[in-house]
$ cat target24.cif   # mmCIF, C-alpha atoms
data_protein
loop_
_atom_site.label_atom_id
_atom_site.label_comp_id
_atom_site.auth_asym_id
_atom_site.auth_seq_id
_atom_site.Cartn_x
_atom_site.Cartn_y
_atom_site.Cartn_z
CA MET A 1 0.00 0.00 0.00
CA SER A 2 1.43 3.24 -1.03
CA LYS A 3 2.04 5.81 1.73
CA LEU A 4 2.14 8.70 -0.70
CA GLN A 5 -0.31 11.43 0.17
CA THR A 6 -2.26 13.49 -2.28
CA PRO A 7 -0.40 16.73 -2.79
CA VAL A 8 -2.12 19.82 -1.43
CA VAL A 9 -3.08 22.19 -4.19
CA ILE A 10 -2.57 25.82 -3.31
CA GLN A 11 -4.54 28.43 -5.25
CA SER A 12 -2.34 30.19 -7.72
CA ALA A 13 -3.63 33.63 -6.78
CA ARG A 14 -2.65 33.23 -3.14
CA ALA A 15 0.73 31.87 -4.15
CA VAL A 16 1.40 34.93 -6.23
CA LEU A 17 0.06 37.32 -3.61
CA ALA A 18 2.42 35.89 -1.03
CA ARG A 19 5.24 37.39 -3.04
CA PRO A 20 4.26 41.01 -3.71
CA SER A 21 6.20 42.72 -6.43
CA VAL A 22 9.11 44.71 -5.15
CA LYS A 23 9.26 46.78 -8.31
CA ARG A 24 6.07 48.73 -7.61
CA ARG A 25 6.69 52.04 -5.93
CA ILE A 26 4.30 53.91 -3.68
CA ASP A 27 4.35 57.68 -3.45
CA PRO A 28 4.89 58.92 0.12
CA ILE A 29 1.80 60.78 1.16
CA ASP A 30 3.43 63.25 3.52
CA GLU A 31 5.83 64.69 0.94
CA PRO A 32 5.27 66.93 -2.06
CA ALA A 33 3.83 65.11 -5.06
CA ARG A 34 6.14 63.45 -7.56
CA PRO A 35 6.81 65.90 -10.40
CA LEU A 36 5.56 64.95 -13.85
CA GLY A 37 7.28 65.44 -17.17
CA SER A 38 6.38 68.50 -19.24
CA LYS A 39 4.26 66.61 -21.76
CA ARG A 40 2.46 64.69 -19.09
CA SER A 41 1.72 67.78 -17.02
CA ALA A 42 0.43 69.64 -20.07
CA LEU A 43 -1.91 66.76 -20.83
CA VAL A 44 -3.17 66.57 -17.26
CA VAL A 45 -3.79 70.32 -17.11
CA LYS A 46 -5.60 70.21 -20.45
CA ARG A 47 -7.86 67.44 -19.21
CA ALA A 48 -8.46 69.13 -15.86
CA ASP A 49 -9.39 72.41 -17.52
CA SER A 50 -12.03 70.78 -19.62
CA ALA A 51 -14.99 73.07 -19.13
CA ALA A 52 -17.49 70.38 -19.95
CA LEU A 53 -16.20 68.12 -17.23
CA THR A 54 -16.18 70.95 -14.73
CA ALA A 55 -19.72 72.06 -15.45
CA GLY A 56 -21.04 68.48 -15.36
CA HIS A 57 -19.35 67.72 -12.06
CA LYS A 58 -20.62 70.84 -10.34
CA THR A 59 -24.11 70.39 -11.74
CA ALA A 60 -24.19 66.91 -10.26
CA LEU A 61 -23.26 68.31 -6.85
CA ALA A 62 -25.71 71.19 -6.86
CA ALA A 63 -28.75 70.30 -4.77
CA THR A 64 -32.33 71.16 -5.64
CA GLY A 65 -33.02 74.83 -5.05
CA ASP A 66 -29.40 75.84 -5.52
CA SER A 67 -28.39 78.26 -8.25
CA LEU A 68 -25.26 77.41 -10.14
CA LEU A 69 -23.69 80.11 -12.28
CA VAL A 70 -20.68 79.38 -14.47
CA SER A 71 -18.54 81.96 -16.25
CA ALA A 72 -18.15 81.77 -20.03
CA ASP A 73 -14.69 80.21 -19.81
CA GLY A 74 -15.68 77.90 -16.94
CA ALA A 75 -12.96 79.35 -14.70
CA VAL A 76 -15.31 80.73 -12.05
CA THR A 77 -18.47 79.16 -10.67
CA PHE A 78 -20.91 80.44 -8.06
CA LEU A 79 -23.19 78.21 -6.08
CA LEU A 80 -25.95 80.16 -4.34
CA ARG A 81 -28.18 78.67 -1.68
CA THR A 82 -30.85 80.38 0.38
CA THR A 83 -30.66 79.35 4.02
CA ASN A 84 -32.39 80.35 7.24
CA PHE A 85 -29.44 82.49 8.24
CA GLY A 86 -28.78 84.22 4.93
CA LEU A 87 -27.48 83.65 1.43
CA LEU A 88 -24.76 81.02 1.28
CA MET A 89 -22.31 81.43 -1.57
CA GLU A 90 -19.58 79.07 -2.71
CA ARG A 91 -17.24 80.70 -5.18
CA THR A 92 -14.89 78.36 -7.04
CA GLN A 93 -12.06 79.75 -9.09
CA ARG A 94 -9.73 77.71 -11.28
CA GLN A 95 -6.52 79.30 -12.38
CA GLY A 96 -3.76 78.03 -14.58
CA ALA A 97 -1.93 74.87 -13.69
CA GLY A 98 -4.53 73.00 -11.67
CA MET A 99 -5.04 75.56 -8.91
CA ARG A 100 -8.50 75.70 -7.39
CA LEU A 101 -9.70 78.16 -4.79
CA VAL A 102 -13.07 77.54 -3.14
CA GLN A 103 -14.42 80.33 -0.94
CA THR A 104 -17.51 79.79 1.17
CA MET A 105 -19.25 82.70 2.83
CA VAL A 106 -22.65 83.74 4.10
CA PHE A 107 -24.34 87.07 3.46
CA ARG A 108 -26.76 87.79 6.25
CA ASP A 109 -28.30 90.85 4.62
CA VAL A 110 -28.59 92.61 1.28
CA LYS A 111 -26.17 95.30 2.39
CA SER A 112 -23.26 92.89 2.86
CA PHE A 113 -24.10 91.15 -0.41
CA GLU A 114 -24.10 94.47 -2.30
CA PHE A 115 -20.84 95.43 -0.64
CA TRP A 116 -19.26 92.20 -1.86
CA CYS A 117 -20.74 92.73 -5.36
CA ALA A 118 -19.01 96.11 -5.53
CA VAL A 119 -15.57 94.49 -5.16
CA GLU A 120 -16.05 91.12 -6.89
CA PRO A 121 -13.43 90.96 -9.70
CA LEU A 122 -15.81 89.20 -12.08
CA ARG A 123 -17.90 92.36 -12.47
CA PHE A 124 -15.47 93.37 -15.22
CA GLY A 125 -14.50 89.89 -16.40
CA ASP A 126 -17.97 88.55 -17.20
CA GLY A 127 -20.60 91.27 -16.98
CA LEU A 128 -23.46 89.04 -18.08
CA LEU A 129 -22.79 86.44 -15.42
CA PHE A 130 -22.24 89.12 -12.82
CA SER A 131 -25.59 90.79 -13.51
CA LYS A 132 -27.28 87.40 -13.23
CA LEU A 133 -25.47 86.78 -9.94
CA VAL A 134 -26.63 90.12 -8.55
CA ARG A 135 -30.19 89.46 -9.69
CA GLU A 136 -30.29 85.98 -8.17
CA GLY A 137 -28.79 87.27 -4.93
CA HIS A 138 -31.42 90.00 -4.62
CA GLU A 139 -34.18 87.54 -5.46
CA ALA A 140 -32.97 85.25 -2.70
CA PHE A 141 -33.13 88.03 -0.13
CA THR A 142 -36.54 89.17 -1.38
CA ALA A 143 -37.84 85.60 -1.05
CA ARG A 144 -36.62 85.46 2.56
CA CYS A 145 -38.49 88.60 3.56
CA MET B 1 -13.95 86.43 25.53
CA ASP B 2 -16.78 83.99 26.25
CA ASP B 3 -14.82 80.73 26.60
CA VAL B 4 -17.78 78.81 28.07
CA ARG B 5 -19.87 79.60 24.99
CA VAL B 6 -16.98 78.66 22.70
CA LEU B 7 -16.55 75.32 24.47
CA GLN B 8 -20.26 74.66 23.99
CA LEU B 9 -20.11 75.46 20.28
CA LEU B 10 -16.90 73.65 19.30
CA PRO B 11 -18.22 70.08 19.60
CA LEU B 12 -21.21 70.98 17.41
CA ILE B 13 -19.03 71.58 14.35
CA ALA B 14 -18.37 67.88 13.73
CA ASP B 15 -22.08 67.06 13.78
CA VAL B 16 -23.43 69.57 11.27
CA SER B 17 -23.85 68.49 7.68
CA SER B 18 -24.01 71.68 5.64
CA SER B 19 -21.38 74.31 5.02
CA GLY B 20 -23.92 77.00 5.91
CA GLU B 21 -24.34 75.63 9.41
CA VAL B 22 -20.57 75.34 9.86
CA LEU B 23 -20.16 78.94 8.77
CA LEU B 24 -22.80 80.04 11.23
CA LEU B 25 -20.97 78.23 14.06
CA PHE B 26 -17.69 79.66 12.82
CA HIS B 27 -19.13 83.20 13.03
CA GLU B 28 -20.37 82.55 16.56
CA VAL B 29 -17.09 81.05 17.78
CA VAL B 30 -15.10 83.94 16.26
CA ALA B 31 -17.31 86.37 18.16
CA GLY B 32 -17.03 84.23 21.31
CA LEU B 33 -13.26 84.36 21.10
CA GLY B 34 -13.42 88.14 21.05
CA ALA B 35 -12.17 88.46 17.48
CA ASP B 36 -13.80 90.64 14.82
CA GLU B 37 -12.88 88.57 11.77
CA GLY B 38 -12.08 84.95 10.98
CA VAL B 39 -10.84 83.02 7.99
CA PHE B 40 -10.08 79.34 7.74
CA LEU B 41 -8.03 78.11 4.78
CA SER B 42 -7.27 74.50 3.95
CA CYS B 43 -4.65 73.70 1.34
CA LEU B 44 -4.59 70.27 -0.28
CA ARG B 45 -1.83 69.37 -2.70
CA ASP B 46 -3.48 66.60 -4.71
CA ASP B 47 -0.60 65.95 -7.08
CA ALA B 48 2.12 67.76 -8.96
CA THR B 49 -0.38 69.70 -11.06
CA ARG B 50 -3.28 70.29 -8.69
CA THR B 51 -3.60 72.28 -5.50
CA SER B 52 -6.96 72.94 -3.90
CA PHE B 53 -7.66 75.72 -1.44
CA ARG B 54 -10.90 75.50 0.52
CA SER B 55 -11.79 78.43 2.68
CA MET B 56 -14.46 79.72 5.00
CA TRP B 57 -14.83 83.43 5.44
CA ALA B 58 -16.37 85.00 8.53
CA CYS B 59 -15.09 88.47 7.77
CA ASP B 60 -15.29 91.48 5.49
CA PRO B 61 -16.36 89.96 2.12
CA ALA B 62 -14.11 92.44 0.33
CA TRP B 63 -11.10 90.62 1.81
CA ALA B 64 -12.30 87.37 0.24
CA ALA B 65 -12.65 89.07 -3.14
CA GLU B 66 -9.23 90.69 -2.88
CA TYR B 67 -7.63 87.42 -1.73
CA ALA B 68 -8.93 85.68 -4.85
CA SER B 69 -8.19 88.42 -7.36
CA ASN B 70 -4.65 89.09 -6.09
CA ARG B 71 -3.88 85.40 -5.65
CA TRP B 72 -2.74 86.11 -2.11
CA PHE B 73 -2.56 82.38 -1.37
CA GLU B 74 0.75 82.40 -3.25
CA HIS B 75 2.23 84.92 -0.82
CA ASP B 76 0.26 84.22 2.35
CA PRO B 77 2.75 84.32 5.27
CA TRP B 78 0.15 82.78 7.59
CA LEU B 79 -0.29 79.77 5.33
CA ARG B 80 3.49 79.50 4.99
CA TYR B 81 3.84 79.51 8.76
CA ALA B 82 1.17 76.81 9.12
CA SER B 83 2.98 74.63 6.57
CA SER B 84 5.90 74.15 8.91
CA ASN B 85 4.59 74.89 12.40
CA ALA B 86 1.84 73.70 14.69
CA GLU B 87 2.03 76.36 17.39
CA PRO B 88 -0.46 79.28 17.35
CA ILE B 89 1.24 82.63 16.98
CA ARG B 90 0.39 86.33 16.81
CA SER B 91 0.88 87.86 13.38
CA SER B 92 3.11 90.51 14.97
CA GLU B 93 5.57 87.75 15.94
CA LEU B 94 5.77 86.44 12.39
CA ALA B 95 8.55 87.78 10.16
CA CYS B 96 7.68 88.34 6.50
CA SER B 97 10.07 86.69 4.06
CA SER B 98 9.33 88.79 0.97
CA ASN B 99 7.89 92.11 -0.19
CA GLU B 100 4.76 90.30 -1.33
CA GLU B 101 4.22 89.01 2.20
CA VAL B 102 4.62 92.54 3.55
CA ASN B 103 2.03 93.73 1.03
CA PHE B 104 -0.25 90.90 2.11
CA THR B 105 0.02 91.97 5.75
CA HIS B 106 -0.84 95.58 4.85
CA ALA B 107 -3.80 94.46 2.73
CA ALA B 108 -5.08 92.19 5.51
CA ALA B 109 -4.82 95.08 8.01
CA GLN B 110 -7.09 97.17 5.79
CA HIS B 111 -9.75 94.46 6.04
CA GLY B 112 -9.82 94.06 9.81
CA PHE B 113 -6.69 92.00 10.43
CA THR B 114 -4.58 94.74 12.02
CA SER B 115 -3.74 92.20 14.68
CA ALA B 116 -4.19 88.49 14.08
CA LEU B 117 -3.88 85.17 15.78
CA ILE B 118 -2.67 82.41 13.47
CA ALA B 119 -3.60 78.86 14.46
CA PRO B 120 -2.19 76.10 12.21
CA ALA B 121 -4.13 72.89 11.72
CA PRO B 122 -1.61 70.17 10.87
CA SER B 123 -2.64 66.83 9.39
CA PRO B 124 -1.23 63.29 9.39
CA VAL B 125 -0.31 63.71 5.72
CA GLY B 126 2.19 66.47 6.42
CA LEU B 127 2.62 69.12 3.74
CA SER B 128 0.04 67.51 1.48
CA ARG B 129 -2.79 68.94 3.55
CA VAL B 130 -2.41 71.99 5.74
CA GLY B 131 -5.00 74.20 7.39
CA VAL B 132 -4.71 77.61 8.97
CA LEU B 133 -7.14 79.65 11.03
CA CYS B 134 -6.69 83.41 11.12
CA LEU B 135 -8.55 85.38 13.74
CA GLY B 136 -8.33 89.11 13.21
CA SER B 137 -9.16 92.37 14.89
CA ALA B 138 -8.92 96.05 14.09
CA ASP B 139 -7.63 96.53 17.64
CA PRO B 140 -3.81 96.18 17.50
CA SER B 141 -3.64 94.78 21.04
CA ARG B 142 -6.65 92.42 20.91
CA PHE B 143 -4.51 89.30 21.12
CA ASP B 144 -2.19 90.60 23.83
CA GLY B 145 -2.75 90.25 27.54
CA GLU B 146 -3.49 87.41 29.89
CA ASN B 147 -6.37 86.02 27.79
CA PHE B 148 -3.99 84.98 25.07
CA SER B 149 -3.07 81.60 26.55
CA MET B 150 -6.72 80.50 26.69
CA MET B 151 -7.43 82.06 23.29
CA ARG B 152 -4.63 80.14 21.56
CA VAL B 153 -5.89 76.83 22.97
CA LEU B 154 -9.44 77.50 21.83
CA ALA B 155 -8.24 78.79 18.45
CA SER B 156 -6.24 75.58 17.93
CA ALA B 157 -9.30 73.51 18.77
CA LEU B 158 -11.42 75.53 16.34
CA ALA B 159 -8.79 75.16 13.61
CA MET B 160 -8.69 71.38 14.03
CA GLU B 161 -12.49 71.05 14.09
CA LEU B 162 -12.84 73.07 10.90
CA HIS B 163 -10.01 71.12 9.27
CA HIS B 164 -11.68 67.81 10.09
CA TRP B 165 -15.00 69.06 8.82
CA ILE B 166 -13.53 70.20 5.52
CA ALA B 167 -11.64 66.91 5.09
CA LYS B 168 -14.86 65.00 5.71
CA SER B 169 -16.86 67.11 3.27
CA MET B 170 -14.15 66.77 0.60
CA ARG B 171 -14.25 63.00 0.99
CA GLU B 172 -18.02 62.94 0.62
CA GLU B 173 -17.85 65.29 -2.35
CA MET B 174 -15.25 63.08 -3.99
CA LEU B 175 -17.30 59.92 -3.43
CA GLN B 176 -20.44 61.62 -4.71
CA GLY B 177 -18.81 63.26 -7.73
CA VAL B 178 -16.47 60.50 -8.88
CA ARG B 179 -18.73 57.53 -8.13
CA LEU B 180 -16.07 54.99 -7.24
CA THR B 181 -17.21 51.38 -7.19
CA ASP B 182 -16.12 48.68 -4.76
CA ALA B 183 -14.03 47.19 -7.57
CA ASP B 184 -12.26 50.55 -7.98
CA LEU B 185 -11.47 50.66 -4.28
CA GLN B 186 -10.23 47.08 -4.44
CA LEU B 187 -7.87 48.06 -7.24
CA LEU B 188 -6.60 50.99 -5.22
CA HIS B 189 -6.02 48.80 -2.19
CA HIS B 190 -3.96 46.40 -4.32
CA GLU B 191 -1.95 49.25 -5.81
CA ALA B 192 -1.37 50.72 -2.35
CA ALA B 193 -0.02 47.31 -1.27
CA GLY B 194 2.51 47.46 -4.11
CA HIS B 195 0.94 44.74 -6.27
CA SER B 196 1.59 44.65 -10.01
CA SER B 197 -1.10 44.15 -12.66
CA LYS B 198 -0.20 40.46 -12.88
CA VAL B 199 -0.62 39.99 -9.16
CA ILE B 200 -3.86 41.95 -9.04
CA GLY B 201 -5.16 40.05 -12.07
CA ALA B 202 -4.38 36.73 -10.40
CA ALA B 203 -6.16 37.82 -7.24
CA MET B 204 -9.25 39.04 -9.11
CA ASN B 205 -9.24 36.26 -11.71
CA LEU B 206 -8.70 38.74 -14.52
CA GLU B 207 -6.07 39.33 -17.16
CA ALA B 208 -3.32 41.81 -16.39
CA LYS B 209 -4.39 43.84 -19.43
CA THR B 210 -7.90 44.08 -18.02
CA ILE B 211 -6.44 45.44 -14.81
CA ASP B 212 -4.51 48.04 -16.80
CA CYS B 213 -7.71 49.09 -18.62
CA ARG B 214 -9.57 49.37 -15.33
CA PHE B 215 -6.81 51.52 -13.91
CA GLN B 216 -7.01 53.81 -16.93
CA ARG B 217 -10.71 54.38 -16.27
CA LEU B 218 -10.04 54.82 -12.56
CA ASN B 219 -7.28 57.36 -13.22
CA ALA B 220 -9.64 59.31 -15.46
CA LYS B 221 -12.29 59.32 -12.72
CA LEU B 222 -9.84 60.67 -10.15
CA GLY B 223 -8.14 63.01 -12.62
CA ALA B 224 -4.83 61.32 -11.89
CA PRO B 225 -2.07 60.95 -14.49
CA ASP B 226 -1.11 57.46 -13.31
CA ARG B 227 -2.09 54.81 -10.81
CA ARG B 228 0.48 55.86 -8.22
CA THR B 229 -1.03 59.31 -8.16
CA ALA B 230 -4.51 57.77 -8.05
CA VAL B 231 -3.53 56.00 -4.82
CA ARG B 232 -2.10 59.22 -3.44
CA VAL B 233 -5.32 61.12 -4.23
CA ALA B 234 -7.43 58.34 -2.72
CA ARG B 235 -5.39 58.39 0.47
CA LEU B 236 -5.43 62.17 0.70
CA TYR B 237 -9.22 62.19 0.45
CA GLY B 238 -9.57 59.39 2.97
CA LEU B 239 -10.92 56.86 0.48
CA LEU B 240 -8.43 54.18 1.51
#
$ encode --input "target24.cif" --output "C-alpha cells"
Amino acid sequence: MSKLQTPVVIQSARAVLARPSVKRRIDPIDEPARPLGSKRSALVVKRADSAALTAGHKTALAATGDSLLVSADGAVTFLLRTTNFGLLMERTQRQGAGMRLVQTMVFRDVKSFEFWCAVEPLRFGDGLLFSKLVREGHEAFTARC
Amino acid sequence: MDDVRVLQLLPLIADVSSSGEVLLLFHEVVAGLGADEGVFLSCLRDDATRTSFRSMWACDPAWAAEYASNRWFEHDPWLRYASSNAEPIRSSELACSSNEEVNFTHAAAQHGFTSALIAPAPSPVGLSRVGVLCLGSADPSRFDGENFSMMRVLASALAMELHHWIAKSMREEMLQGVRLTDADLQLLHHEAAGHSSKVIGAAMNLEAKTIDCRFQRLNAKLGAPDRRTAVRVARLYGLL
C-alpha cells in the first residue's frame, strides 16, 4: 500500500500574492507630489481644464433649489443657496496649472451682499454672469423677507 | 472672551452636515473668542499639477474678493507659517520673508486684520494637507494680555475642528462626484499594497491587461495621471 499522500493544491492567486512585487513604488503621502514630465503635465492640465467636465461635475453636486452660475470660460463658478441664516455662496475659481480656490461665505443681509458685489473681480471679467449673480442674490433676499 | 460659549459650540461643528451651518458656528465662535474677523483656509496638494484651497470666510467679504483676485494664497505668510509649524502665533511675531508678504500683511490690516492670531491645523499627511485659522481684529492689542493663553488653545481647537469638517466634506464630495465602485477601491487597495497588474489580475481572476484598462478608467475618474497618483489622491481624500 502506497504511503504517498495526495499533494495539497494551493490556489495560484494566493501563491502569487504571497510574493508582492518589489518593483512597484508607492508615493509617500506626507511629501510633495512626484513631479511629472512636461508633456504629461500639459496633458493633465488640459484634461483638468475641460470646461465640460467641470460644469457636469458641479451640476451633479448642486442640490435642488441651488443656483449654479458658471462663467463663459468655466474658470469661475458660483453656487448660491438660500438658508435660514442668509445667502450662502460658494465661489470656485480655477486658475492656470490646476489651482483651485473655493471660498464659502454667508451674506446675512442685502447690504453685505451688495458690498461684496461692488468688489467682486468678475464684475469686469464677465458682466453678463455678474448681472445674473446680482439678480439671483437679490431675489434670494426678497424671497426670505 | 466667552470661553464657556466657545466650548459649547466647538463640539457641534463635527455634527453639522451643511457648510452653511458650519459657517454660522464659525461666526459665533469667532465672536465668542473676542475676534472681529475669521478666515479658515485648507490647502490640499493633490498631485504635482493640482492644489486645492478651501476656505471659509467669517469676515469682510471684500477681503475674500481681494484674496482671490490678487492670488494672495501664493504669498500668504500665515499659510506659509502653518505649513511648517503647529504652534499658534500672533501675526506681529511672524517675520515676512518677501515684499509680497509685507504687502499681504498691509492688505489684511485694511480688512480688519490689524492684529491676528494664526492657528495652524496640521494633518497626518504632512505638507500635502495643511489648514490655517486666522482670527483678526482692528484693535492692534486684541490678542495681547493674559487672555492669550486661553485664546490660543481655543483657536487651535477651532482650527482642528474646521479642518476635520472640511476633510470630511471633501471625501463625501469626492465619493459623490467621482462615483467609485467597490471594484475601484479594491484596485486601489492592491496598488497601495505594491501589487503589479499580474498579481492583481491573479487575485481578481482577470487578465493583467484588463487590470490596466480598469486603472485607466479609474485614473480618469480621479483626474490622476497614473495609478500611483490615483492612490495618493485616494489616500489624501480618505478613500483608503
$ residues_around --input "target24.cif" --residues "region 137-139 of chain A" --least-positions-apart "3" --cutoff "8 Å" --atoms "all atoms listed in the file" --output "list in words"
Leu80, Leu87, Val110, Phe113, Leu133, Val134, Thr142 and Ala143 of chain A
$ closest_residue --input "target24.cif" --among "B:Glu191, B:Asp139, B:Glu87, B:Glu161" --to "chain A" --atoms "all atoms listed in the file"
B:Glu191
$ residues_around --input "target24.cif" --residues "Gln103 (chain A)" --least-positions-apart "6" --cutoff "7 Å" --atoms "only C-alpha atoms" --output "NGL selection string"
(:A and (90-92)) or (:B and (54-56))
$ resolve_selection --input "target24.cif" --expression "the PyMOL selection byres ((chain B and resi 217) around 12)" --output "VMD selection string"
chain B and resid 178 to 181 183 to 184 187 210 to 216 218 to 227 230
$ resolve_selection --input "target24.cif" --expression "the PyMOL selection byres ((chain B) within 6 of (chain A))" --output "short mmCIF file (atom, residue, chain, number, x, y, z; two decimals) with C-alpha atoms, keeping the file's coordinate frame"
data_model
loop_
_atom_site.label_atom_id
_atom_site.label_comp_id
_atom_site.auth_asym_id
_atom_site.auth_seq_id
_atom_site.Cartn_x
_atom_site.Cartn_y
_atom_site.Cartn_z
CA ASP B 47 -0.60 65.95 -7.08
CA ALA B 48 2.12 67.76 -8.96
CA THR B 49 -0.38 69.70 -11.06
CA ARG B 50 -3.28 70.29 -8.69
CA THR B 51 -3.60 72.28 -5.50
CA SER B 52 -6.96 72.94 -3.90
CA PHE B 53 -7.66 75.72 -1.44
CA ARG B 54 -10.90 75.50 0.52
CA SER B 55 -11.79 78.43 2.68
CA MET B 56 -14.46 79.72 5.00
CA TRP B 57 -14.83 83.43 5.44
CA PRO B 61 -16.36 89.96 2.12
CA ALA B 62 -14.11 92.44 0.33
CA ALA B 65 -12.65 89.07 -3.14
CA VAL B 125 -0.31 63.71 5.72
CA GLY B 126 2.19 66.47 6.42
CA LEU B 127 2.62 69.12 3.74
CA SER B 128 0.04 67.51 1.48
CA GLY B 194 2.51 47.46 -4.11
CA HIS B 195 0.94 44.74 -6.27
CA ALA B 202 -4.38 36.73 -10.40
CA ALA B 203 -6.16 37.82 -7.24
#
$ atom_distance --input "target24.cif" --atom1 "CA of Val4 (chain B)" --atom2 "CA of Glu146 (chain B)"
16.8 Å
$ atom_distance --input "target24.cif" --atom1 "CA of His189 (chain B)" --atom2 "CA of Thr229 (chain B)"
13.1 Å
$ resolve_selection --input "target24.cif" --expression "the PyMOL selection byres ((chain B and resi 26) around 9)" --output "number ranges by chain"
B: 9-10, 13, 21-25, 27-31, 38, 56-58, 158, 162
